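Let me begin by presenting the structure, written as structure tokens, before commenting on it.
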Amino acid sequence: MSKTITIDGQVVPFEDGQTIMDAATAAGVYIPHLCHHPEYTPHGSCKLCTVKVNGRNCSACTFPALEGQEVLNDTPDLNADRQKITQMLFVEGNHFCPSCEKTGNCQLQGLAYHLNMLDNHFPHFYATRQVDASHPEVMIDHNRCIFCTLCVRASHETDGKDVFGISGRGLNKHLIINSPSGELKDTDISIDDAAVHICPTGAILIKRTGYQIPIGQRIYDHQQIDQVSLAREHHQDEQ
Amino acid sequence: MSNKIRVATTSLAGCFGCHMSFLDIDERMLQLAQVVEFDRSPITDIEHCTNCDIGLIEGGVCNSENVHVLREFRKNCKILVAVGACAINGGLPAMRNFIPLEDCLREAYFDGIGVENAQVPNDPELPLLLDKVHPIHEVVKIDYFLPGCPPSADVFWKFLTDLIEGREPSLPYELVHYD
Ligand code: SF4
Ligand code: FES
């Protein structure tokens, strides 16, 4: 007999070694997330996947599933917390959607829409961040980086290159580029790298590819991120 | 005095795009006019608002006059609404927040292409620029937010009809956009 947990009352089977996120995704249950990707080692930094496990808050992407856990996920309280976290991400960086090539296809935006986030609530930091457009094909707009480390993990785990890293703490935290000049043009990144395609926001972009999908046909124009995410990751899970 | 719902609107550091989008409710404007009366607004040219039910604010706050207008609206409107990206997060005007004000003025009035007779405009009637552009919720309390650049006509319609018909305003997924 397989082991099970419950998520919002629904019985969900799991295998030893799976996280709550893994078990949920396999069962077609969406738990909001930004820094999690089923192909990479969990990082547990964005906290959007926060669920209540037997009454305590845990990150679903890092917390192991254990027999008999009662997990709360899609509740008004947890979603309200998630909305606040998303608002913090919006005021910490500089997310001006109308001027971003990723708009309509951005996971940060898609999640905010899903959570019915209508304002940013907190005072804006307007932190000064740089744009690195030195590379002929790939650019980085640090204004939009949410430090999910997916590019760091993809570059290390898939591409075997270690092009990216995170440096500094708190307000000084920033994405760094592993090259003598600190610029993208002096790395061995290429547009085929997984790291170039993994960014959930518009921080890493491929040049000359923006705004190709008309409004109305973009990923999150009509479909919510829970459906999009499950369609992608549930499928990946089965492979 | 009529029993109509009094609505005031203004554009602060905005481009009037939100107002244009509001006008895109087209013939529904006639329906609206049966229950709503416009107070201070670019639609009426009334200069100051008095005892309004709803105030719609487009644009963030970029100069001293914006602050005064915003406070006048807060004082006179029962419900104050931030309309559009610029009112909510400063929007494109706030992209000057990363450049010192002096550099902005120098670029616009001295070093910019095609500038003749270079000088920073300093007529006493011109409102002074703020150091940074701010979202309006950082200055006064805001009751509701309508995101979008601009919010679509349907957003205005849904929000106003909800309010007028006594429902708590809400926007379904399809109407929530930041672009
Ligand atoms: S650049 Fe993108 S993928 Fe990399 S840490 Fe920032 S948000 Fe994440
Ligand atoms: S998805 Fe779990 S902490 Fe980010």
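Following the order of the structure tokens, first chain is A, next is B, and so on, with residues numbered from 1 inside each chain and ligands from 1 in the order they appear.
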
Inset, instruction - Please return as JSON, numbers by chain: the residues of region 15-79 of chain A that backbone DSSP assigns to helix (DSSP H, G or I). - result: {"A": [20, 21, 22, 23, 24, 25, 26, 76, 77, 78, 79]}

Inset, instruction - Could you give me, as a PyMOL selection string, the residues within 7 Å of Cys62 (chain B), counting only C-alpha atoms and dropping anything in the same chain fewer than 4 positions from it? - result: chain B and resi 13+66+129-130+132-134

Close residues to ligand 2 using only C-alpha atoms and all ligand atoms, limit 8 Å, as a PDB file with all heavy atoms, in the first residue's frame:
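The result, written out as selection39.pdb:
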```pdb
ATOM      1  N   PRO A  32       1.424  27.153  -5.432  1.00  0.00           N
ATOM      2  CA  PRO A  32       2.127  28.286  -6.040  1.00  0.00           C
ATOM      3  C   PRO A  32       3.633  28.227  -5.775  1.00  0.00           C
ATOM      4  O   PRO A  32       4.059  27.802  -4.698  1.00  0.00           O
ATOM      5  CB  PRO A  32       1.496  29.501  -5.350  1.00  0.00           C
ATOM      6  CG  PRO A  32       0.128  29.039  -4.982  1.00  0.00           C
ATOM      7  CD  PRO A  32       0.295  27.584  -4.600  1.00  0.00           C
ATOM      8  N   HIS A  33       4.427  28.618  -6.767  1.00  0.00           N
ATOM      9  CA  HIS A  33       5.882  28.613  -6.595  1.00  0.00           C
ATOM     10  C   HIS A  33       6.535  29.472  -7.653  1.00  0.00           C
ATOM     11  O   HIS A  33       6.003  29.637  -8.747  1.00  0.00           O
ATOM     12  CB  HIS A  33       6.429  27.181  -6.700  1.00  0.00           C
ATOM     13  CG  HIS A  33       6.063  26.481  -7.977  1.00  0.00           C
ATOM     14  ND1 HIS A  33       4.885  25.798  -8.139  1.00  0.00           N
ATOM     15  CD2 HIS A  33       6.719  26.366  -9.158  1.00  0.00           C
ATOM     16  CE1 HIS A  33       4.839  25.274  -9.360  1.00  0.00           C
ATOM     17  NE2 HIS A  33       5.937  25.620 -10.013  1.00  0.00           N
ATOM     18  N   LEU A  34       7.695  30.023  -7.338  1.00  0.00           N
ATOM     19  CA  LEU A  34       8.497  30.742  -8.328  1.00  0.00           C
ATOM     20  C   LEU A  34       9.919  30.203  -8.402  1.00  0.00           C
ATOM     21  O   LEU A  34      10.495  30.088  -9.466  1.00  0.00           O
ATOM     22  CB  LEU A  34       8.542  32.245  -8.013  1.00  0.00           C
ATOM     23  CG  LEU A  34       7.275  33.037  -8.384  1.00  0.00           C
ATOM     24  CD1 LEU A  34       7.379  34.471  -7.898  1.00  0.00           C
ATOM     25  CD2 LEU A  34       7.034  33.018  -9.898  1.00  0.00           C
ATOM     26  N   CYS A  35      10.519  29.848  -7.249  1.00  0.00           N
ATOM     27  CA  CYS A  35      11.916  29.410  -7.283  1.00  0.00           C
ATOM     28  C   CYS A  35      12.035  27.906  -7.490  1.00  0.00           C
ATOM     29  O   CYS A  35      13.120  27.385  -7.673  1.00  0.00           O
ATOM     30  CB  CYS A  35      12.667  29.857  -6.029  1.00  0.00           C
ATOM     31  SG  CYS A  35      12.284  28.930  -4.533  1.00  0.00           S
ATOM     32  N   HIS A  36      10.904  27.229  -7.471  1.00  0.00           N
ATOM     33  CA  HIS A  36      10.933  25.782  -7.676  1.00  0.00           C
ATOM     34  C   HIS A  36      10.800  25.419  -9.158  1.00  0.00           C
ATOM     35  O   HIS A  36      10.031  26.041  -9.881  1.00  0.00           O
ATOM     36  CB  HIS A  36       9.788  25.124  -6.899  1.00  0.00           C
ATOM     37  CG  HIS A  36       9.541  23.699  -7.289  1.00  0.00           C
ATOM     38  ND1 HIS A  36      10.353  22.669  -6.873  1.00  0.00           N
ATOM     39  CD2 HIS A  36       8.605  23.133  -8.090  1.00  0.00           C
ATOM     40  CE1 HIS A  36       9.912  21.537  -7.389  1.00  0.00           C
ATOM     41  NE2 HIS A  36       8.852  21.791  -8.126  1.00  0.00           N
ATOM     42  N   HIS A  37      11.571  24.431  -9.570  1.00  0.00           N
ATOM     43  CA  HIS A  37      11.422  23.858 -10.913  1.00  0.00           C
ATOM     44  C   HIS A  37      11.704  22.378 -10.751  1.00  0.00           C
ATOM     45  O   HIS A  37      12.715  21.994 -10.171  1.00  0.00           O
ATOM     46  CB  HIS A  37      12.428  24.507 -11.882  1.00  0.00           C
ATOM     47  CG  HIS A  37      12.202  24.131 -13.305  1.00  0.00           C
ATOM     48  ND1 HIS A  37      12.416  22.858 -13.785  1.00  0.00           N
ATOM     49  CD2 HIS A  37      11.756  24.854 -14.360  1.00  0.00           C
ATOM     50  CE1 HIS A  37      12.121  22.815 -15.080  1.00  0.00           C
ATOM     51  NE2 HIS A  37      11.722  24.013 -15.452  1.00  0.00           N
ATOM     52  N   PRO A  42      15.833  21.761  -5.131  1.00  0.00           N
ATOM     53  CA  PRO A  42      15.028  22.828  -4.522  1.00  0.00           C
ATOM     54  C   PRO A  42      15.901  23.855  -3.805  1.00  0.00           C
ATOM     55  O   PRO A  42      16.963  23.511  -3.277  1.00  0.00           O
ATOM     56  CB  PRO A  42      14.140  22.087  -3.527  1.00  0.00           C
ATOM     57  CG  PRO A  42      14.223  20.656  -3.863  1.00  0.00           C
ATOM     58  CD  PRO A  42      15.497  20.434  -4.604  1.00  0.00           C
ATOM     59  N   HIS A  43      15.445  25.075  -3.816  1.00  0.00           N
ATOM     60  CA  HIS A  43      16.209  26.150  -3.209  1.00  0.00           C
ATOM     61  C   HIS A  43      15.479  26.737  -2.006  1.00  0.00           C
ATOM     62  O   HIS A  43      16.099  27.204  -1.057  1.00  0.00           O
ATOM     63  CB  HIS A  43      16.473  27.231  -4.261  1.00  0.00           C
ATOM     64  CG  HIS A  43      17.411  28.304  -3.817  1.00  0.00           C
ATOM     65  ND1 HIS A  43      17.004  29.599  -3.632  1.00  0.00           N
ATOM     66  CD2 HIS A  43      18.714  28.268  -3.511  1.00  0.00           C
ATOM     67  CE1 HIS A  43      18.044  30.323  -3.239  1.00  0.00           C
ATOM     68  NE2 HIS A  43      19.090  29.539  -3.152  1.00  0.00           N
ATOM     69  N   GLY A  44      14.156  26.746  -2.051  1.00  0.00           N
ATOM     70  CA  GLY A  44      13.367  27.157  -0.895  1.00  0.00           C
ATOM     71  C   GLY A  44      13.515  28.607  -0.510  1.00  0.00           C
ATOM     72  O   GLY A  44      13.516  28.942   0.674  1.00  0.00           O
ATOM     73  N   SER A  45      13.639  29.512  -1.489  1.00  0.00           N
ATOM     74  CA  SER A  45      13.900  30.903  -1.116  1.00  0.00           C
ATOM     75  C   SER A  45      12.721  31.839  -1.299  1.00  0.00           C
ATOM     76  O   SER A  45      12.639  32.845  -0.607  1.00  0.00           O
ATOM     77  CB  SER A  45      15.094  31.433  -1.914  1.00  0.00           C
ATOM     78  OG  SER A  45      14.848  31.298  -3.299  1.00  0.00           O
ATOM     79  N   CYS A  46      11.797  31.557  -2.224  1.00  0.00           N
ATOM     80  CA  CYS A  46      10.757  32.563  -2.486  1.00  0.00           C
ATOM     81  C   CYS A  46       9.612  32.489  -1.484  1.00  0.00           C
ATOM     82  O   CYS A  46       8.896  33.457  -1.284  1.00  0.00           O
ATOM     83  CB  CYS A  46      10.236  32.457  -3.919  1.00  0.00           C
ATOM     84  SG  CYS A  46       9.118  31.059  -4.211  1.00  0.00           S
ATOM     85  N   LYS A  47       9.409  31.347  -0.885  1.00  0.00           N
ATOM     86  CA  LYS A  47       8.384  31.128   0.147  1.00  0.00           C
ATOM     87  C   LYS A  47       6.945  31.192  -0.362  1.00  0.00           C
ATOM     88  O   LYS A  47       6.007  31.223   0.430  1.00  0.00           O
ATOM     89  CB  LYS A  47       8.564  32.097   1.331  1.00  0.00           C
ATOM     90  CG  LYS A  47       9.900  31.945   2.031  1.00  0.00           C
ATOM     91  CD  LYS A  47      10.086  30.537   2.582  1.00  0.00           C
ATOM     92  CE  LYS A  47      11.517  30.272   3.008  1.00  0.00           C
ATOM     93  NZ  LYS A  47      11.890  28.857   2.938  1.00  0.00           N
ATOM     94  N   LEU A  48       6.778  31.257  -1.679  1.00  0.00           N
ATOM     95  CA  LEU A  48       5.409  31.277  -2.199  1.00  0.00           C
ATOM     96  C   LEU A  48       4.725  29.932  -2.039  1.00  0.00           C
ATOM     97  O   LEU A  48       3.511  29.822  -2.038  1.00  0.00           O
ATOM     98  CB  LEU A  48       5.421  31.689  -3.676  1.00  0.00           C
ATOM     99  CG  LEU A  48       5.556  33.199  -3.778  1.00  0.00           C
ATOM    100  CD1 LEU A  48       6.121  33.616  -5.093  1.00  0.00           C
ATOM    101  CD2 LEU A  48       4.213  33.862  -3.530  1.00  0.00           C
ATOM    102  N   CYS A  49       5.525  28.881  -1.882  1.00  0.00           N
ATOM    103  CA  CYS A  49       4.961  27.538  -1.756  1.00  0.00           C
ATOM    104  C   CYS A  49       4.609  27.210  -0.314  1.00  0.00           C
ATOM    105  O   CYS A  49       4.307  26.063  -0.005  1.00  0.00           O
ATOM    106  CB  CYS A  49       5.951  26.515  -2.302  1.00  0.00           C
ATOM    107  SG  CYS A  49       7.418  26.376  -1.269  1.00  0.00           S
ATOM    108  N   THR A  50       4.652  28.238   0.546  1.00  0.00           N
ATOM    109  CA  THR A  50       4.346  28.000   1.955  1.00  0.00           C
ATOM    110  C   THR A  50       2.964  27.348   2.124  1.00  0.00           C
ATOM    111  O   THR A  50       1.971  27.850   1.618  1.00  0.00           O
ATOM    112  CB  THR A  50       4.394  29.321   2.750  1.00  0.00           C
ATOM    113  OG1 THR A  50       5.700  29.871   2.605  1.00  0.00           O
ATOM    114  CG2 THR A  50       4.085  29.087   4.226  1.00  0.00           C
ATOM    115  N   SER A  59       7.847  25.164   3.698  1.00  0.00           N
ATOM    116  CA  SER A  59       7.989  25.335   2.250  1.00  0.00           C
ATOM    117  C   SER A  59       7.770  23.984   1.585  1.00  0.00           C
ATOM    118  O   SER A  59       8.551  23.055   1.793  1.00  0.00           O
ATOM    119  CB  SER A  59       9.395  25.840   1.909  1.00  0.00           C
ATOM    120  OG  SER A  59       9.650  27.045   2.598  1.00  0.00           O
ATOM    121  N   ALA A  60       6.731  23.913   0.769  1.00  0.00           N
ATOM    122  CA  ALA A  60       6.374  22.632   0.150  1.00  0.00           C
ATOM    123  C   ALA A  60       7.474  22.100  -0.765  1.00  0.00           C
ATOM    124  O   ALA A  60       7.617  20.902  -0.946  1.00  0.00           O
ATOM    125  CB  ALA A  60       5.073  22.775  -0.630  1.00  0.00           C
ATOM    126  N   CYS A  61       8.285  23.021  -1.334  1.00  0.00           N
ATOM    127  CA  CYS A  61       9.288  22.564  -2.306  1.00  0.00           C
ATOM    128  C   CYS A  61      10.487  21.907  -1.637  1.00  0.00           C
ATOM    129  O   CYS A  61      11.264  21.234  -2.305  1.00  0.00           O
ATOM    130  CB  CYS A  61       9.731  23.716  -3.201  1.00  0.00           C
ATOM    131  SG  CYS A  61      10.738  24.950  -2.359  1.00  0.00           S
ATOM    132  N   THR A  62      10.672  22.136  -0.337  1.00  0.00           N
ATOM    133  CA  THR A  62      11.812  21.518   0.343  1.00  0.00           C
ATOM    134  C   THR A  62      11.390  20.507   1.411  1.00  0.00           C
ATOM    135  O   THR A  62      12.190  19.706   1.857  1.00  0.00           O
ATOM    136  CB  THR A  62      12.698  22.578   1.051  1.00  0.00           C
ATOM    137  OG1 THR A  62      11.870  23.380   1.888  1.00  0.00           O
ATOM    138  CG2 THR A  62      13.409  23.472   0.049  1.00  0.00           C
ATOM    139  N   CYS A 148      15.717  34.000  -7.601  1.00  0.00           N
ATOM    140  CA  CYS A 148      15.188  32.649  -7.443  1.00  0.00           C
ATOM    141  C   CYS A 148      16.301  31.618  -7.593  1.00  0.00           C
ATOM    142  O   CYS A 148      16.121  30.463  -7.234  1.00  0.00           O
ATOM    143  CB  CYS A 148      14.095  32.398  -8.479  1.00  0.00           C
ATOM    144  SG  CYS A 148      14.715  32.304 -10.168  1.00  0.00           S
TER     145      CYS A 148
END
```

Inset, instruction - For chain A, report every residue with an atom at most 6 Å from chain B (counting only C-alpha atoms), formatted as a PyMOL selection string. - result: chain A and resi 97-98+118+128

Inset, instruction - List every residue of region 118-238 of chain A that DSSP, applied to the backbone of this structure, places in strand (DSSP E or B), and write the result as JSON, numbers by chain. - result: {"A": [131, 132, 138, 139, 140, 141, 164, 165, 166, 167, 174, 175, 176, 177, 204, 205, 206]}

Inset, instruction - Using only C-alpha atoms and all ligand atoms, find each protein or nucleic acid residue lying at most 12 Å from ligand 1; present the set as a ChimeraX atom specification. - result: /A:34-37,43,45-46,89-90,93,95,102,106-108,131-132,138-155,162-167,173-177,194-205
